[in-house]
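Here is the structure we will look at, set down as structure tokens.
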Amino acid sequence: MQFAGDYKLDSVIVHSASGSIDIKALMIELNVYESIHADNLYGSMVVADSANHVQNMPIIGQEDIEFKLSTNEDTEQLDFKKFRGRIYKVSDMVRTAERQQVYTIHFSSKETLINQRTRVKSAYEGSGDEVVSQILKDVLKTKKSVNIEPSDLKVKLLGNNMKPFKFINMVSKRCRSRVFEGAGYLFFENHRGYNFRSYESLSNSANGPREPVEKFIVQPSKYEASITENMQSVLEYKIMKQQDVLAASMTGLLASTHYVYDLYTKSYKKIETRYDDMFDDLKHVEKESLFTTTPEEEGEYKTMFDYAEQRIDVSTKDDALHSQANDKTNIWDTDELKSQSDEDTRVYDNHSSKFHLRNHSELSHDQLVAKVTVSGNSNLAAGDVIELHVPSYEPISPEDTRVHDAYLSGRWVITNLVHTISPDRYTTTFDCVKDTVAISYATTDTTIQSSTNYNEKEQGTNTLNEAHDA
């Protein structure tokens, strides 16, 4: 490796019923996509074909593709040789010369196609991680690495002819970590394998915060910089999103009320949640909250977290839904069924009471979002922690040591990522998020209106007269 952006790619081979061919020489661009919100890896390859391989091979969406991409010999590999990708379509065919056409080949993990033609038909019982392990190994029959975080909530779910990925995503909403306090899991594939884990586990482990995989800095380019410095330099970045208080209020992140109605006992449970209470209970990317306790109303000291009816949600549960009846029970006799349900002491819960925890984890990881492009780096994967330092846009005095943004710099979690290579360059572009900031925001004990002596004056009500209204 001589320069940042170099890469190692020996071949790109397409296997079909009529034979195999290396199409690396035809490559205009190759992309591989990973996301913590996607069940599979996806990719696309733009080729300039002057031999009409799409017809002569032909390429019709039933072929395998294999290649091995890495930054250099010492870095991780995006290995589509060990587990081949599956081509599923060709698109955007355009004539570019007298005897040449450009088109895009789309491919994904083979499990994508297996998922489409497979159904979950059995009932599964146990912890969420146990159920998902069975689905991946027994139904999808994947041989890839599976990284699973143990869950302490037991479930019993019917397959109902659901597709495996849909079933797994349903299970993910009924899981809570044995290590962390939050609820709700993510199911995704990156180039290391399949992952079934909580939001908290992305940035933390049982032993403390996870170490960043790489460090990146927004800095001016240097003519004689080392390869290491260039690999750490950000080529392009954009802060896509910062705190949105209105959206946080509407979605229930700041505060909410959740009613859980028990269909069996005809009773309900009311759960009121506050952002600050849940924040203190959970593990985060960094330490400080995204929102402050500056009061919204004078006198009562009501903060943004005190309005529990900003959002109201309702869900149902039935602890006796899957109660096991013995052979002598008449299933149409409600008294017999109730008696049998009372005798079955196992917990059959859809975990609706954990809704607010799932909601908090999901919404708080969508408050601060950045998009970053760096020199190609095959060590990066969806779900990794990185360290990102962005500049502080203010005049710098000789005695000022702060050059990086105090709030936006620090640890981030990669959510979406694309590895892009052309014949002469490799770049990696990723979206990253954080649910906290490194230092706390300023807060006061009085409202901003009070501290600035602002008082709205009543304007009165005007009655409009149709005859004289202009």
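We label chains A, B, ... in the order they appear in the structure tokens, count residues from 1 in each chain, and number ligands from 1 in the order shown.
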Would you kindly return, as a ChimeraX atom specification, each protein, DNA or RNA residue with an atom no farther than 9 Å from any atom of Gly43 in chain A, considering only C-alpha atoms and excluding same-chain residues fewer than 2 positions away? /A:30-34,41,45,85,105-109,418
Expected file: the selected residues, N, CA and C atoms, as a JSON list (two decimals), in the first residue's frame:
```json
[["chain", "number", "residue", "atom", "x", "y", "z"],
["A", 30, "LEU", "N", -17.51, -0.57, -7.95],
["A", 30, "LEU", "CA", -18.02, -1.67, -7.14],
["A", 30, "LEU", "C", -18.41, -1.11, -5.77],
["A", 31, "ASN", "N", -19.62, -1.41, -5.31],
["A", 31, "ASN", "CA", -20.11, -0.93, -4.02],
["A", 31, "ASN", "C", -20.58, -2.12, -3.18],
["A", 32, "VAL", "N", -20.26, -2.07, -1.89],
["A", 32, "VAL", "CA", -20.77, -3.05, -0.92],
["A", 32, "VAL", "C", -21.40, -2.28, 0.22],
["A", 33, "TYR", "N", -22.67, -2.58, 0.53],
["A", 33, "TYR", "CA", -23.44, -1.83, 1.53],
["A", 33, "TYR", "C", -23.66, -2.67, 2.78],
["A", 34, "GLU", "N", -23.48, -2.02, 3.95],
["A", 34, "GLU", "CA", -23.79, -2.63, 5.24],
["A", 34, "GLU", "C", -24.65, -1.65, 6.04],
["A", 41, "LEU", "N", -26.13, -8.07, 3.60],
["A", 41, "LEU", "CA", -25.23, -7.26, 2.79],
["A", 41, "LEU", "C", -25.80, -7.17, 1.37],
["A", 45, "MET", "N", -22.31, -3.56, -8.95],
["A", 45, "MET", "CA", -21.09, -3.38, -9.74],
["A", 45, "MET", "C", -21.47, -2.83, -11.10],
["A", 85, "GLY", "N", -21.59, -14.16, -3.04],
["A", 85, "GLY", "CA", -22.80, -13.38, -3.18],
["A", 85, "GLY", "C", -23.68, -13.98, -4.26],
["A", 105, "ILE", "N", -24.76, -4.63, -12.20],
["A", 105, "ILE", "CA", -25.06, -5.96, -11.66],
["A", 105, "ILE", "C", -25.34, -5.82, -10.16],
["A", 106, "HIS", "N", -26.48, -6.31, -9.71],
["A", 106, "HIS", "CA", -26.87, -6.23, -8.30],
["A", 106, "HIS", "C", -26.73, -7.60, -7.66],
["A", 107, "PHE", "N", -26.18, -7.62, -6.45],
["A", 107, "PHE", "CA", -26.02, -8.90, -5.74],
["A", 107, "PHE", "C", -26.25, -8.70, -4.25],
["A", 108, "SER", "N", -26.45, -9.80, -3.55],
["A", 108, "SER", "CA", -26.67, -9.77, -2.10],
["A", 108, "SER", "C", -26.15, -11.07, -1.50],
["A", 109, "SER", "N", -26.24, -11.17, -0.18],
["A", 109, "SER", "CA", -25.92, -12.43, 0.48],
["A", 109, "SER", "C", -26.90, -13.51, 0.01],
["A", 418, "VAL", "N", -20.90, 2.19, 3.14],
["A", 418, "VAL", "CA", -20.70, 1.68, 1.78],
["A", 418, "VAL", "C", -19.23, 1.75, 1.42]]
```
Would you list the contacts of Leu357 in chain A as a tab-separated table (two decimals) with N, CA and C atoms, in the first residue's frame, taking every protein, DNA or RNA residue within 9 Å and counting only C-alpha atoms, but skipping same-chain residues closer than 3 positions in sequence?
```tsv
chain	number	residue	atom	x	y	z
A	181	GLU	N	-29.67	-2.65	30.69
A	181	GLU	CA	-31.04	-2.44	31.16
A	181	GLU	C	-32.04	-2.20	30.03
A	182	GLY	N	-31.56	-1.85	28.85
A	182	GLY	CA	-32.45	-1.50	27.75
A	182	GLY	C	-33.14	-2.71	27.14
A	183	ALA	N	-34.12	-2.44	26.28
A	183	ALA	CA	-34.87	-3.50	25.62
A	183	ALA	C	-34.92	-3.22	24.12
A	184	GLY	N	-35.14	-4.27	23.34
A	184	GLY	CA	-35.17	-4.13	21.89
A	184	GLY	C	-33.81	-4.42	21.29
A	278	MET	N	-34.85	7.43	32.13
A	278	MET	CA	-34.35	6.32	31.31
A	278	MET	C	-32.89	6.53	30.93
A	353	SER	N	-44.73	-4.09	28.14
A	353	SER	CA	-44.29	-3.15	29.17
A	353	SER	C	-42.88	-2.63	28.91
A	354	LYS	N	-42.15	-3.25	27.97
A	354	LYS	CA	-40.80	-2.79	27.64
A	354	LYS	C	-40.80	-1.85	26.44
A	360	HIS	N	-37.02	4.41	23.51
A	360	HIS	CA	-35.95	5.32	23.91
A	360	HIS	C	-34.65	5.00	23.17
A	361	SER	N	-34.27	3.73	23.13
A	361	SER	CA	-33.02	3.34	22.47
A	361	SER	C	-33.03	3.68	20.99
A	362	GLU	N	-34.14	3.37	20.33
A	362	GLU	CA	-34.23	3.62	18.89
A	362	GLU	C	-34.23	5.11	18.57
```
With the cut-off set at 12 Å and counting only C-alpha atoms, tabulate each residue of range 25-114 of chain A with an atom at most that distance from an atom of range 200-220 of chain A, showing the nearest atom pair and its distance in Å to one decimal, ordered by chain and increasing number, as CSV.
```
residue,atom,partner,partner_atom,distance
A:Ile36,CA,A:Leu202,CA,10.0
A:Thr75,CA,A:Val213,CA,11.8
A:Glu76,CA,A:Val213,CA,11.7
```
Export of prior selection with C-alpha atoms as a PDB file, in the first residue's frame:
```pdb
ATOM      1  CA  ILE A  36     -27.482  -2.045  11.268  1.00  0.00           C
ATOM      2  CA  THR A  75      -6.581  -5.454   7.327  1.00  0.00           C
ATOM      3  CA  GLU A  76      -9.951  -7.204   7.467  1.00  0.00           C
TER       4      GLU A  76
END
```
Per-residue DSSP, range 214-310 of chain A, filtered to strand (DSSP E or B), as a compact mmCIF listing (two decimals) with N, CA and C atoms, in the first residue's frame:
```
# COMPACT_ATOMS: atom_id res chain seq x y z
N LYS A 215 -9.77 6.22 14.26
CA LYS A 215 -9.89 7.63 14.63
C LYS A 215 -9.81 8.48 13.37
N PHE A 216 -10.74 9.43 13.22
CA PHE A 216 -10.77 10.29 12.04
C PHE A 216 -10.82 11.76 12.47
N ILE A 217 -10.13 12.59 11.70
CA ILE A 217 -10.03 14.02 12.02
C ILE A 217 -10.30 14.84 10.77
N SER A 233 -7.55 11.11 7.91
CA SER A 233 -8.13 12.38 7.47
C SER A 233 -9.50 12.17 6.85
N VAL A 234 -10.43 13.03 7.18
CA VAL A 234 -11.78 12.98 6.62
C VAL A 234 -11.76 13.69 5.27
N LEU A 235 -12.20 13.00 4.23
CA LEU A 235 -12.26 13.59 2.90
C LEU A 235 -13.45 14.53 2.77
N GLU A 236 -14.55 14.16 3.40
CA GLU A 236 -15.78 14.96 3.32
C GLU A 236 -16.68 14.58 4.49
N TYR A 237 -17.36 15.57 5.05
CA TYR A 237 -18.31 15.24 6.12
C TYR A 237 -19.44 16.25 6.13
N LYS A 238 -20.55 15.80 6.72
CA LYS A 238 -21.73 16.66 6.82
C LYS A 238 -22.51 16.24 8.05
N ILE A 239 -22.87 17.20 8.88
CA ILE A 239 -23.75 16.91 10.01
C ILE A 239 -25.18 16.91 9.47
N MET A 240 -25.76 15.72 9.40
CA MET A 240 -27.06 15.56 8.76
C MET A 240 -28.22 15.97 9.68
N LYS A 241 -28.01 15.82 10.98
CA LYS A 241 -29.13 16.04 11.90
C LYS A 241 -28.61 16.32 13.28
N ALA A 255 -40.94 12.40 26.81
CA ALA A 255 -41.84 11.86 27.85
C ALA A 255 -43.03 11.22 27.15
N SER A 256 -43.64 10.24 27.79
CA SER A 256 -44.79 9.58 27.17
C SER A 256 -45.59 8.82 28.23
N THR A 257 -46.78 8.43 27.82
CA THR A 257 -47.63 7.57 28.65
C THR A 257 -47.98 6.33 27.84
N HIS A 258 -47.84 5.19 28.44
CA HIS A 258 -48.11 3.93 27.76
C HIS A 258 -49.10 3.11 28.59
N TYR A 259 -50.25 2.76 27.96
CA TYR A 259 -51.25 1.93 28.61
C TYR A 259 -51.11 0.50 28.07
N VAL A 260 -50.98 -0.46 28.98
CA VAL A 260 -50.90 -1.87 28.61
C VAL A 260 -52.18 -2.55 29.11
N TYR A 261 -53.02 -2.99 28.16
CA TYR A 261 -54.31 -3.59 28.51
C TYR A 261 -54.18 -5.10 28.53
N ASP A 262 -54.57 -5.71 29.66
CA ASP A 262 -54.51 -7.16 29.82
C ASP A 262 -55.83 -7.76 29.36
N SER A 267 -57.90 -5.64 32.72
CA SER A 267 -57.35 -4.53 33.48
C SER A 267 -56.23 -3.88 32.67
N TYR A 268 -55.76 -2.74 33.11
CA TYR A 268 -54.68 -2.09 32.39
C TYR A 268 -53.64 -1.55 33.35
N LYS A 269 -52.45 -1.34 32.80
CA LYS A 269 -51.34 -0.78 33.56
C LYS A 269 -50.89 0.49 32.86
N LYS A 270 -50.69 1.54 33.64
CA LYS A 270 -50.27 2.82 33.10
C LYS A 270 -48.79 3.03 33.40
N ILE A 271 -48.00 3.30 32.34
CA ILE A 271 -46.57 3.51 32.50
C ILE A 271 -46.22 4.91 31.99
N GLU A 272 -45.74 5.77 32.86
CA GLU A 272 -45.30 7.10 32.45
C GLU A 272 -43.77 7.11 32.42
N THR A 273 -43.21 7.69 31.36
CA THR A 273 -41.76 7.67 31.19
C THR A 273 -41.22 9.08 31.03
N ARG A 274 -39.99 9.26 31.45
CA ARG A 274 -39.27 10.51 31.32
C ARG A 274 -37.91 10.23 30.70
N GLU A 288 -22.94 12.59 28.52
CA GLU A 288 -23.87 13.67 28.84
C GLU A 288 -25.13 13.65 27.98
N GLU A 297 -41.82 26.08 32.26
CA GLU A 297 -42.81 26.94 32.90
C GLU A 297 -42.28 27.43 34.23
N LYS A 302 -41.43 22.97 35.62
CA LYS A 302 -41.74 21.85 34.73
C LYS A 302 -40.76 21.85 33.56
```
When you look at range 131-142 of chain A with a cut-off of 7 Å (counting only C-alpha atoms), what residues show up, excluding the ones that are within fewer than 5 positions of it in the same chain? I need them as an mmCIF file with C-alpha atoms, in the first residue's frame.
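Contents of part-v9.cif, freshly written:
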```
data_model
loop_
_atom_site.group_PDB
_atom_site.id
_atom_site.type_symbol
_atom_site.label_atom_id
_atom_site.label_comp_id
_atom_site.auth_asym_id
_atom_site.auth_seq_id
_atom_site.Cartn_x
_atom_site.Cartn_y
_atom_site.Cartn_z
ATOM 1 C CA GLU A 111 -29.478 -15.831 2.610
ATOM 2 C CA ILE A 114 -33.193 -18.364 0.966
ATOM 3 C CA ASN A 115 -35.299 -16.050 3.127
ATOM 4 C CA TYR A 124 -40.448 -21.505 19.272
ATOM 5 C CA GLU A 125 -40.022 -21.066 23.000
ATOM 6 C CA GLY A 126 -37.077 -19.787 25.035
ATOM 7 C CA PRO A 164 -37.354 -15.965 8.662
ATOM 8 C CA ILE A 168 -36.392 -12.623 13.694
#
```
Selected residue of minimal separation from Tyr7 in chain A among A:Val369, A:Leu282, A:Ala97, A:Ile421, counting only C-alpha atoms: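 The shortest atom-to-atom distance to Tyr7 in chain A comes from A:Ile421.
Using only C-alpha atoms, the smallest distance between any of A:Glu300, A:Cys432, A:Val413, A:Tyr307 and Thr447 in chain A comes from A:Glu300.
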Using CA of Tyr199 in chain A and CA of Gln232 in chain A as the two end points, give the distance in Å to one decimal. 25.9 Å
Hey, what does DSSP flag as helix (DSSP H, G or I) within range 354-421 of chain A? Can you give it to me as a list in words? Lys354, Phe355, His356, Leu357, Arg358, Asn359, His360, Ser361, Glu362, Leu363 and Ser364 of chain A
Could you check which of A:Asp92, A:Asp366, A:Glu296, A:Asp384 is closest to Ala248 in chain A, using only C-alpha atoms?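 Between A:Asp92, A:Asp366, A:Glu296, A:Asp384, the residue approaching Ala248 in chain A most closely is A:Asp366.
Note that CA of Arg178 in chain A and CA of Val155 in chain A are 14.6 Å apart.
Among the candidates A:Thr463, A:Asn195, A:Ser44, A:Thr228, the one nearest to Met1 in chain A when counting only C-alpha atoms is A:Thr228.
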As a list in words, please: the residues near Phe187 in chain A (cut-off 7 Å, only C-alpha atoms, same-chain neighbours under 6 positions excluded).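 Close residues of Phe187 in chain A: Asp39, Asn169, Asn195, Phe196 and Arg197 of chain A.
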Expected file contents, prior selection, C-alpha atoms, as a compact mmCIF listing (two decimals), in the first residue's frame:
```txt
# COMPACT_ATOMS: atom_id res chain seq x y z
CA ASP A 39 -30.89 -7.98 7.27
CA ASN A 169 -37.22 -8.92 13.61
CA ASN A 195 -25.52 -9.84 14.54
CA PHE A 196 -28.38 -10.00 17.04
CA ARG A 197 -27.68 -7.46 19.76
```
With only C-alpha atoms as the basis for distance, which of A:Ser440, A:Thr461, A:Asn161, A:Gln242 is at the shortest distance from Lys287 in chain A? A:Ser440
